[in-house]
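Everything below concerns the one structure shown next.
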Amino acid sequence: MAKKLSPRARRRRRGRRIVNTLLIVLIIALIGAIAAVMAGTKILNTVNRADLKSSADLYRHEVDGYTNILLLGVDTRDLSEVKNSRTDMIMIASINNSTDEITLTSVYRDTYLQMGDTSTYDKITHAHYYGSTEMSIASLNRAMDLDIDQYALVNFKGVADAVDEMGGLEINVEDYEIDELNKYTKETAKIVGKKSYTIVKKPGKQVLDGCASVSYGRIRKGVGDDYKRTDRMRIVFKKILSKAKSMDVKTLYQVAGAILPEVQTNLSNKDMMSLALKLKKLNVGDSKGFPYNKTAGMVDGVSYVQATDLASDVKKFHQKVFNESDYEPSATVQEISRIASRY
């Protein structure tokens, strides 16, 4: 039986949330640009390497013709605090080994799923708290019939630092977003230890620094729900990607120097360079959230994102991402679906 979250852990700031796409783009786009000029080896060595402790217990379900890598963002300010942290970004990068096309699938952090092979069901974000990266991977492999055994993890502070090194991002802020944006920016600055940060005083296009850019994608209270928040992060994402592709080598190294020491992974330099060189085939337009068909549900007084029919969504996922037209979910997925969708 997995341990339960302490009251203190459950009260952690919601402000530490980072949304899906921003983080992986910072990892892939920056390394990709470095790889493009064939000068990435030295700086890639600043990444923190960590092997999976129990790779034999990841419950891999082989997916032919594809490589699946888990990309995680944790709610900490540095990697020394990773233990017992939650994963506020959960994204699967699926690479077609024949075409090198990459499809990104975001798993909603509050999705109600089985924690590894335990009897506990909870938000998928808590799997990392219960059993570190191994349990996050095992939970997704079991729930989605996947074969993940590679991952990259980045923390909260690295994202804000990287955007600052980019010189900020020009974002159009609406008047009704200003109050919430400034509130979240102050909170983010406190978390990452920045004394200077952008305060927005009027609507319109303006350059936001790292704290404000990250916070723009976090706001939702009074200005839209989680789906609107995702839209904002897509805006941030596209701007980061565009700016990263146009940066000169010197600036690129400065940005990479900010983000890469905040990355933990079991990918080798060769793996990361290979992944980076596939950047131009990143399938942004087909990036989807999972589960596809979902509802807000309550379990023991706690709100969750619940798949209306997990097994059906897993079938669609394999059809869409892996072109498996006749795919049928495993017995494990069917059982998790039966329990996770029953409330």
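Scheme for the structure tokens: letters A, B, ... for chains in order shown; per-chain residue numbers from 1; ligand numbers from 1 in order shown.
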Polymer residues at most 9 Å from Val47 (chain A), only C-alpha atoms, same-chain spacing of 4 or more positions, as JSON, numbers by chain = {"A": [43, 259, 260, 261, 262, 263, 264, 265]}
Using only C-alpha atoms, which protein or nucleic acid residues come within 10 Å of Thr185 (chain A)? Drop anything in the same chain fewer than 5 positions from it, and give the result as a compact mmCIF listing (two decimals) with N, CA, C and O atoms, in the first residue's frame.
# COMPACT_ATOMS: atom_id res chain seq x y z
N GLY A 15 0.59 27.38 -6.68
CA GLY A 15 1.39 28.25 -7.52
C GLY A 15 2.62 27.59 -8.09
O GLY A 15 3.26 28.13 -8.97
N ASP A 179 -4.64 41.33 -12.85
CA ASP A 179 -4.59 41.13 -11.41
C ASP A 179 -4.08 39.73 -11.05
O ASP A 179 -3.21 39.57 -10.18
N GLU A 180 -4.65 38.72 -11.70
CA GLU A 180 -4.23 37.35 -11.41
C GLU A 180 -2.79 37.11 -11.84
O GLU A 180 -2.03 36.42 -11.16
N LYS A 190 8.87 34.52 -5.45
CA LYS A 190 9.23 34.11 -4.08
C LYS A 190 9.72 32.67 -4.08
O LYS A 190 10.70 32.32 -3.41
N ILE A 191 9.04 31.80 -4.85
CA ILE A 191 9.41 30.39 -4.90
C ILE A 191 10.81 30.20 -5.47
O ILE A 191 11.62 29.43 -4.95
N TYR A 197 11.18 41.28 -10.76
CA TYR A 197 10.24 40.61 -11.65
C TYR A 197 9.29 41.63 -12.26
O TYR A 197 9.16 42.76 -11.79
N THR A 198 8.64 41.22 -13.35
CA THR A 198 7.74 42.10 -14.10
C THR A 198 6.39 42.24 -13.39
O THR A 198 5.78 41.25 -13.01
N ILE A 199 5.95 43.47 -13.23
CA ILE A 199 4.58 43.76 -12.77
C ILE A 199 3.87 44.47 -13.93
O ILE A 199 4.34 45.49 -14.43
N VAL A 200 2.76 43.90 -14.36
CA VAL A 200 2.01 44.46 -15.49
C VAL A 200 1.07 45.54 -15.00
O VAL A 200 0.27 45.33 -14.07
N ASP A 209 9.15 38.92 -18.15
CA ASP A 209 10.35 38.19 -17.77
C ASP A 209 10.00 36.73 -17.45
O ASP A 209 8.86 36.29 -17.68
N GLY A 210 10.99 35.97 -16.95
CA GLY A 210 10.77 34.55 -16.70
C GLY A 210 9.64 34.26 -15.75
O GLY A 210 8.77 33.43 -16.02
N CYS A 211 9.61 34.94 -14.61
CA CYS A 211 8.55 34.71 -13.63
C CYS A 211 7.17 35.05 -14.19
O CYS A 211 6.21 34.30 -14.01
N ALA A 212 7.08 36.18 -14.88
CA ALA A 212 5.79 36.61 -15.42
C ALA A 212 5.35 35.73 -16.58
O ALA A 212 4.16 35.43 -16.72
N SER A 213 6.29 35.30 -17.42
CA SER A 213 5.93 34.44 -18.55
C SER A 213 5.39 33.11 -18.07
O SER A 213 4.39 32.60 -18.57
N VAL A 214 6.08 32.52 -17.09
CA VAL A 214 5.61 31.27 -16.50
C VAL A 214 4.25 31.47 -15.85
O VAL A 214 3.34 30.66 -16.00
N SER A 215 4.11 32.57 -15.13
CA SER A 215 2.86 32.84 -14.41
C SER A 215 1.70 33.08 -15.36
O SER A 215 0.55 32.75 -15.05
N TYR A 216 1.97 33.65 -16.52
CA TYR A 216 0.92 33.88 -17.51
C TYR A 216 0.24 32.56 -17.87
O TYR A 216 -0.98 32.51 -18.05
N ARG A 218 -0.05 30.03 -15.92
CA ARG A 218 -0.62 29.40 -14.74
C ARG A 218 -1.98 29.95 -14.35
O ARG A 218 -2.77 29.27 -13.70
N ILE A 219 -2.25 31.20 -14.70
CA ILE A 219 -3.46 31.84 -14.20
C ILE A 219 -4.72 31.16 -14.74
O ILE A 219 -4.77 30.73 -15.88
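As for CA of Lys243 (chain A) and CA of Leu169 (chain A), they are spaced 8.5 Å apart.
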Expected answer as a compact mmCIF listing (two decimals) with C-alpha atoms, in the first residue's frame: strand (DSSP E) residues in region 60-306 of chain A:
# COMPACT_ATOMS: atom_id res chain seq x y z
CA TYR A 66 8.19 3.86 -31.60
CA THR A 67 10.30 5.22 -28.76
CA ASN A 68 8.37 6.72 -25.83
CA ILE A 69 10.08 9.12 -23.44
CA LEU A 70 8.46 10.56 -20.31
CA LEU A 71 8.99 14.27 -19.69
CA LEU A 72 8.33 15.53 -16.18
CA GLY A 73 8.24 18.91 -14.48
CA VAL A 74 8.41 18.93 -10.68
CA THR A 87 4.97 16.15 -11.12
CA ASP A 88 3.04 19.15 -12.38
CA MET A 89 4.05 18.45 -15.96
CA ILE A 90 3.50 14.96 -17.33
CA MET A 91 4.13 14.58 -21.04
CA ILE A 92 4.90 11.64 -23.29
CA ALA A 93 7.10 12.21 -26.35
CA SER A 94 6.37 9.43 -28.87
CA ILE A 95 8.97 9.20 -31.63
CA ASN A 96 8.26 7.33 -34.85
CA ILE A 102 7.55 13.36 -32.56
CA THR A 103 4.05 13.52 -31.14
CA LEU A 104 3.50 15.01 -27.68
CA THR A 105 0.74 13.79 -25.37
CA SER A 106 0.04 15.69 -22.16
CA VAL A 107 -1.46 13.72 -19.30
CA TYR A 112 -7.39 9.58 -11.42
CA LEU A 113 -5.23 6.48 -11.99
CA GLN A 114 -3.72 3.48 -10.24
CA TYR A 121 -5.79 5.20 -6.90
CA ASP A 122 -4.96 8.90 -6.85
CA LYS A 123 -4.00 11.85 -9.03
CA GLN A 150 13.53 6.77 -20.49
CA TYR A 151 12.74 10.13 -18.94
CA ALA A 152 13.82 13.75 -18.53
CA LEU A 153 12.80 15.82 -15.51
CA VAL A 154 13.16 19.56 -14.95
CA ASN A 155 12.34 21.73 -11.97
CA LEU A 169 8.79 36.95 -24.12
CA GLU A 170 6.44 39.43 -25.81
CA ILE A 171 2.90 38.51 -24.76
CA ASN A 172 -0.42 40.27 -25.25
CA VAL A 173 -1.98 40.61 -21.80
CA GLY A 204 -1.47 45.04 -24.46
CA LYS A 205 1.68 43.53 -25.97
CA GLN A 206 4.66 43.72 -23.62
CA VAL A 207 7.80 41.81 -22.70
CA LEU A 208 7.37 39.56 -19.67
CA VAL A 263 17.46 18.73 -15.78
CA GLN A 264 17.67 15.16 -14.47
CA THR A 265 17.55 12.28 -16.94
CA LEU A 282 8.10 18.02 -33.65
CA ASN A 283 4.37 17.53 -34.22
CA VAL A 284 3.06 20.50 -32.25
CA GLY A 285 -0.26 20.71 -34.04
CA ASP A 286 -1.19 17.20 -32.96
CA SER A 287 -0.18 17.65 -29.33
CA LYS A 288 -3.14 16.39 -27.30
CA GLY A 289 -4.24 16.19 -23.69
CA PHE A 290 -5.05 12.80 -22.17
CA LYS A 294 -13.00 13.40 -19.38
CA THR A 295 -15.07 14.89 -16.62
CA ALA A 296 -14.44 16.55 -13.28
CA GLY A 297 -15.20 13.95 -10.64
CA MET A 298 -15.18 13.78 -6.86
CA VAL A 299 -13.65 10.93 -4.86
CA VAL A 302 -11.41 15.55 -3.61
CA SER A 303 -11.74 16.79 -7.19
CA TYR A 304 -10.11 14.74 -9.95
CA VAL A 305 -9.95 14.61 -13.72
CA GLN A 306 -11.58 11.31 -14.66
Distance query Glu165 (chain A) at most 8 Å, only C-alpha atoms, self and fewer than 5 positions along chain excluded, as a ChimeraX atom specification = /A:251,254-255,258
query = Rounded to one decimal in Å, what is the spacing between CA of Ala256 (chain A) and CA of Lys183 (chain A)?
reply =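 Rounded to one decimal, the two atoms are 28.2 Å apart.
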Top pick for closest residue to Lys157 (chain A), considering A:Asn97, A:Ser325, A:Thr188, A:Gln334 and counting only C-alpha atoms =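 Looking at the shortest contact to Lys157 (chain A), the residue is A:Thr188.
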request  = Find the spatial neighbours of Leu310 (chain A), counting only C-alpha atoms, within a cut-off of 10 Å - ignore same-chain residues fewer than 4 positions away - and output them as a list in words.
outcome  =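 The residues that qualify are Leu113, Ala143, Met144, Phe290, Pro291, Tyr292, Asn293, Lys294, Gln306, Val314, Lys315, Lys316, Pro329, Val333, Gln334, Glu335, Ile336, Ser337, Arg338, Ile339, Ala340 and Ser341 of chain A.
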request  = Work out how far CA of Arg142 (chain A) is from CA of Tyr130 (chain A), in Å to one decimal.
outcome  =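 CA of Tyr130 (chain A) sits 16.1 Å away from CA of Arg142 (chain A).
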request  = Would you list, as a count of residues only, the residues of region 96-320 of chain A that end up in alpha helix (DSSP H) under DSSP run on this structure's backbone?
outcome  = 101
message = With distances taken over only C-alpha atoms, which residue among A:His61, A:Arg109, A:His126, A:Lys83 lies nearest Asp145 (chain A)?
response =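 The closest residue to Asp145 (chain A) is A:His61.
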